[in-house]
Amino acid sequence: MSATTPPPSDHSFETTDAFGWSGFAAKLESFLLTDTEFVDGSLVVSLNAPFGSGKTTFLRMWKDQLDSRRQSDADVPMCILLNAWEDDYSGDPFLSLVDAIEKELSERATDKKTEGRLDSVKEATRDLGWFMVGMANSAVSHWTGLNAATAGELAEAKKADRGKELSRPDILTLFQSRKGALQRLKSALRSLFDDNTRPVFVLVDELDRCRPDFAIQYLETIKHVFDVEGLAFVLAVDLQQLENSARALFGDRLNFPEYYRKFAHRNIRLPSPDKAGIRNLVTRYTNRYLDDPTPESSRRKSLLNIQQVRRGLTELPYDFRLTPRQIQEGFRILGHMTSAREKKTGDLFYHIATAVIFLSFLSVWKPELFHEFQSGNISLDRLLEIISKLPISKNRDWWAIVLFTSFDNDDKKLKIEEIHKAFVNHGFVSKETTLEEFQQQLRSFGAGGFGEGPFLSELARKIQEIETFAQ
């Protein structure tokens with residue numbers, strides 16, 4: 001990097017992309033540039049992924065890259081990023097969209113022609129705004145220049161007029177005025193984007209988190225108001241959640257795929273992270289939550305001082321198919337579990353460290369299974385049954401023995417013969433393994449071996465305390 005080259009931002013692919021999504025961004029950009037030529041009006045593409053999969057992070061990285069490239073190449077598409085959920089409270093997706101476009105273009109407009117056309121859009125928006133309902137005070141102030149007090153006086157004046165009987169021509173005139181204002185706005189938008197050699201990308205995030213009526217109204221607004229050539233919308237959504245919103249309004253008999261097709265021309269799925277990507281993310285979170293090098297930090301490196309436990313850190317998030325957001329939550333729990341206010345030395349026992357990792361990720365992935373461990377009533381057969389059904393790609397036998405060393409056996413009721421039989425029945429130990437060989441295996445895992453705490457239930461309760469602040 002040269003002395004004149006600015007450092008990468010906090011949202012750049014270079015600093016943030018753990019999953020190698022920069023290549024996908026390039027393909028998506030090429031796809032949008034091509035497909036805009038085959039649709040009338042605006043192009044609308046749905047970018048689908050479950051909650052917590054990294055849609056927001058991807059959109060921020062992509063916008064950062066497009067903005068950076070556009071500084072030296074005017075042919076790179078202009079990019080507008082907005083969060084629909086942030087404007088959910090206002091109840092007005094129309095103003096949310098126009099406001100985002102106005103802010104982005106106002107910052108980047110460099111010629112009088114564009115500025116004049118942008119003024120036309122703002123003026124048309126003001127005209128149409130008087131016919132919109134649910135306008136928040138902040139929106140009124142932004143588009144009309146009226147502060148909250150003046151807007152209140154205006155509302156009172158309008159209220160005083162309600163007692164007057166309206167004739168049918170007045171109602172028709174009102175309808176025609178609103179329709180005319182809408183047409184003027186669409187004409188102003190077409191003029192604004194008419195000279196662009198590349199479409200303007202409008203990235204809409206968090207639409208699936210909005211109230212059902214607002215989410216559907218947002219789609220309708222894009223369809224009917226912003227169906228303008230020169231715009232390419234990318235809606236980052238969890239389609240299942242969006243379907244739930246639509247069904248909440250229209251009923252369970254709604255054919256959602258066909259309903260959604262009238263809004264989105266294409267459905268594209270955000271690539272799922274592969275194992276290498278998950279490993280990259282785990283490394284970043286390990287450095288952030290478990291490996292604070294500052295002397296004054298309360299964080300202990302107990303987990304990291306045991307090399308073998310990295311197996312759990314890197315394998316379980318992928319095996320459990322955790323989303324990036326779930327992985328981060330698991331590491332937050334681990335960070336709390338390994339922190340201490342007083343300076344302490346020494347490491348966690350091997351089997352305890354591994355159990356802490358397992359239970360932390362399990363609490364995020366399958367809370368109902370986690371609570372079984374927390375109850376302290378789980379039997380050995382149930383423990384081994386759970387492990388046998390976990391989507392663990394490899395080392396299942398290893399996990400069974402490691403977790404067993406912290407199994408709750410306070411009363412020492414289980415004898416080695418019973419334990420050996422249970423491991424054989426669940427396929428974790430072959431029938432040919434003798435009792436002596438099996439005991440030696442147990443001794444090789446963890447200090448002190450079977451029956452010494454803290455037990456799985458105790459560790460699970462400590463994790464639960466993090467969430468409830470219980471003592």
# chains A, B, ... in the order shown; residues from 1 in each chain; ligands from 1
>>> residues_around(residues="range 94-97 of chain A", least_positions_apart="6", cutoff="8 Å", atoms="only C-alpha atoms", output="PyMOL selection string")
chain A and resi 82+84+87+139+218+221+225
>>> write_last_selection(atoms="N, CA and C atoms", output="mmCIF file, in the first residue's frame")
data_model
loop_
_atom_site.group_PDB
_atom_site.id
_atom_site.type_symbol
_atom_site.label_atom_id
_atom_site.label_comp_id
_atom_site.auth_asym_id
_atom_site.auth_seq_id
_atom_site.Cartn_x
_atom_site.Cartn_y
_atom_site.Cartn_z
ATOM 1 N N LEU A 82 -29.735 1.488 2.472
ATOM 2 C CA LEU A 82 -30.646 1.956 3.508
ATOM 3 C C LEU A 82 -31.186 0.775 4.306
ATOM 4 N N ALA A 84 -34.324 -0.590 6.097
ATOM 5 C CA ALA A 84 -35.772 -0.399 6.152
ATOM 6 C C ALA A 84 -36.290 -0.431 7.579
ATOM 7 N N ASP A 87 -36.576 2.781 9.660
ATOM 8 C CA ASP A 87 -37.668 3.701 9.361
ATOM 9 C C ASP A 87 -39.038 3.070 9.586
ATOM 10 N N ALA A 139 -39.828 13.661 9.465
ATOM 11 C CA ALA A 139 -39.993 13.671 8.006
ATOM 12 C C ALA A 139 -40.628 14.977 7.553
ATOM 13 N N TYR A 218 -43.702 -1.442 1.750
ATOM 14 C CA TYR A 218 -42.400 -1.119 1.171
ATOM 15 C C TYR A 218 -42.275 -1.727 -0.226
ATOM 16 N N THR A 221 -44.450 0.118 -2.627
ATOM 17 C CA THR A 221 -43.895 1.421 -2.987
ATOM 18 C C THR A 221 -42.821 1.284 -4.055
ATOM 19 N N VAL A 225 -44.084 3.207 -7.210
ATOM 20 C CA VAL A 225 -43.535 4.565 -7.234
ATOM 21 C C VAL A 225 -42.139 4.600 -7.851
#
>>> residues_around(residues="His224 in chain A", least_positions_apart="6", cutoff="10 Å", atoms="only C-alpha atoms", output="list in words")
Leu182, Lys186 and Phe263 of chain A
>>> closest_residue(among="A:Asn425, A:His265, A:Leu359, A:Ser187", to="Ser388 in chain A", atoms="only C-alpha atoms")
A:Asn425
>>> atom_distance(atom1="CA of Arg325 in chain A", atom2="CA of Pro50 in chain A")
10.6 Å
>>> residues_around(residues="Leu33 in chain A", least_positions_apart="5", cutoff="9 Å", atoms="only C-alpha atoms", output="list in words")
Leu28, Pro77, Arg198, Pro199 and Ala232 of chain A
>>> write_last_selection(atoms="N, CA and C atoms", output="PDB file, in the first residue's frame")
ATOM      1  N   LEU A  28     -22.442 -10.617  -8.805  1.00  0.00           N
ATOM      2  CA  LEU A  28     -23.750  -9.984  -8.628  1.00  0.00           C
ATOM      3  C   LEU A  28     -23.799  -8.637  -9.337  1.00  0.00           C
ATOM      4  N   PRO A  77     -21.181   1.743 -10.797  1.00  0.00           N
ATOM      5  CA  PRO A  77     -22.522   2.154 -10.369  1.00  0.00           C
ATOM      6  C   PRO A  77     -22.516   2.877  -9.021  1.00  0.00           C
ATOM      7  N   ARG A 198     -24.763   3.854 -16.081  1.00  0.00           N
ATOM      8  CA  ARG A 198     -24.911   2.652 -15.268  1.00  0.00           C
ATOM      9  C   ARG A 198     -26.106   2.834 -14.331  1.00  0.00           C
ATOM     10  N   PRO A 199     -26.821   1.777 -14.023  1.00  0.00           N
ATOM     11  CA  PRO A 199     -27.929   1.911 -13.072  1.00  0.00           C
ATOM     12  C   PRO A 199     -27.415   2.261 -11.680  1.00  0.00           C
ATOM     13  N   ALA A 232     -31.695  -0.199  -9.774  1.00  0.00           N
ATOM     14  CA  ALA A 232     -31.616  -1.642  -9.542  1.00  0.00           C
ATOM     15  C   ALA A 232     -31.663  -1.870  -8.036  1.00  0.00           C
TER      16      ALA A 232
END
>>> closest_residue(among="A:Leu59, A:Leu185, A:Ala49, A:Ile387", to="Asp119 in chain A", atoms="only C-alpha atoms")
A:Leu185
>>> residues_around(residues="Val282 in chain A", least_positions_apart="2", cutoff="9 Å", atoms="only C-alpha atoms", output="PyMOL selection string")
chain A and resi 277-280+284-287+313-314+317+327-328+331
>>> closest_residue(among="A:Asp88, A:Thr36, A:Cys79, A:Ala400", to="Leu203 in chain A", atoms="only C-alpha atoms")
A:Cys79
>>> closest_residue(among="A:Ser406, A:Ser245, A:Gln374, A:Gln65", to="Glu29 in chain A", atoms="only C-alpha atoms")
A:Gln65
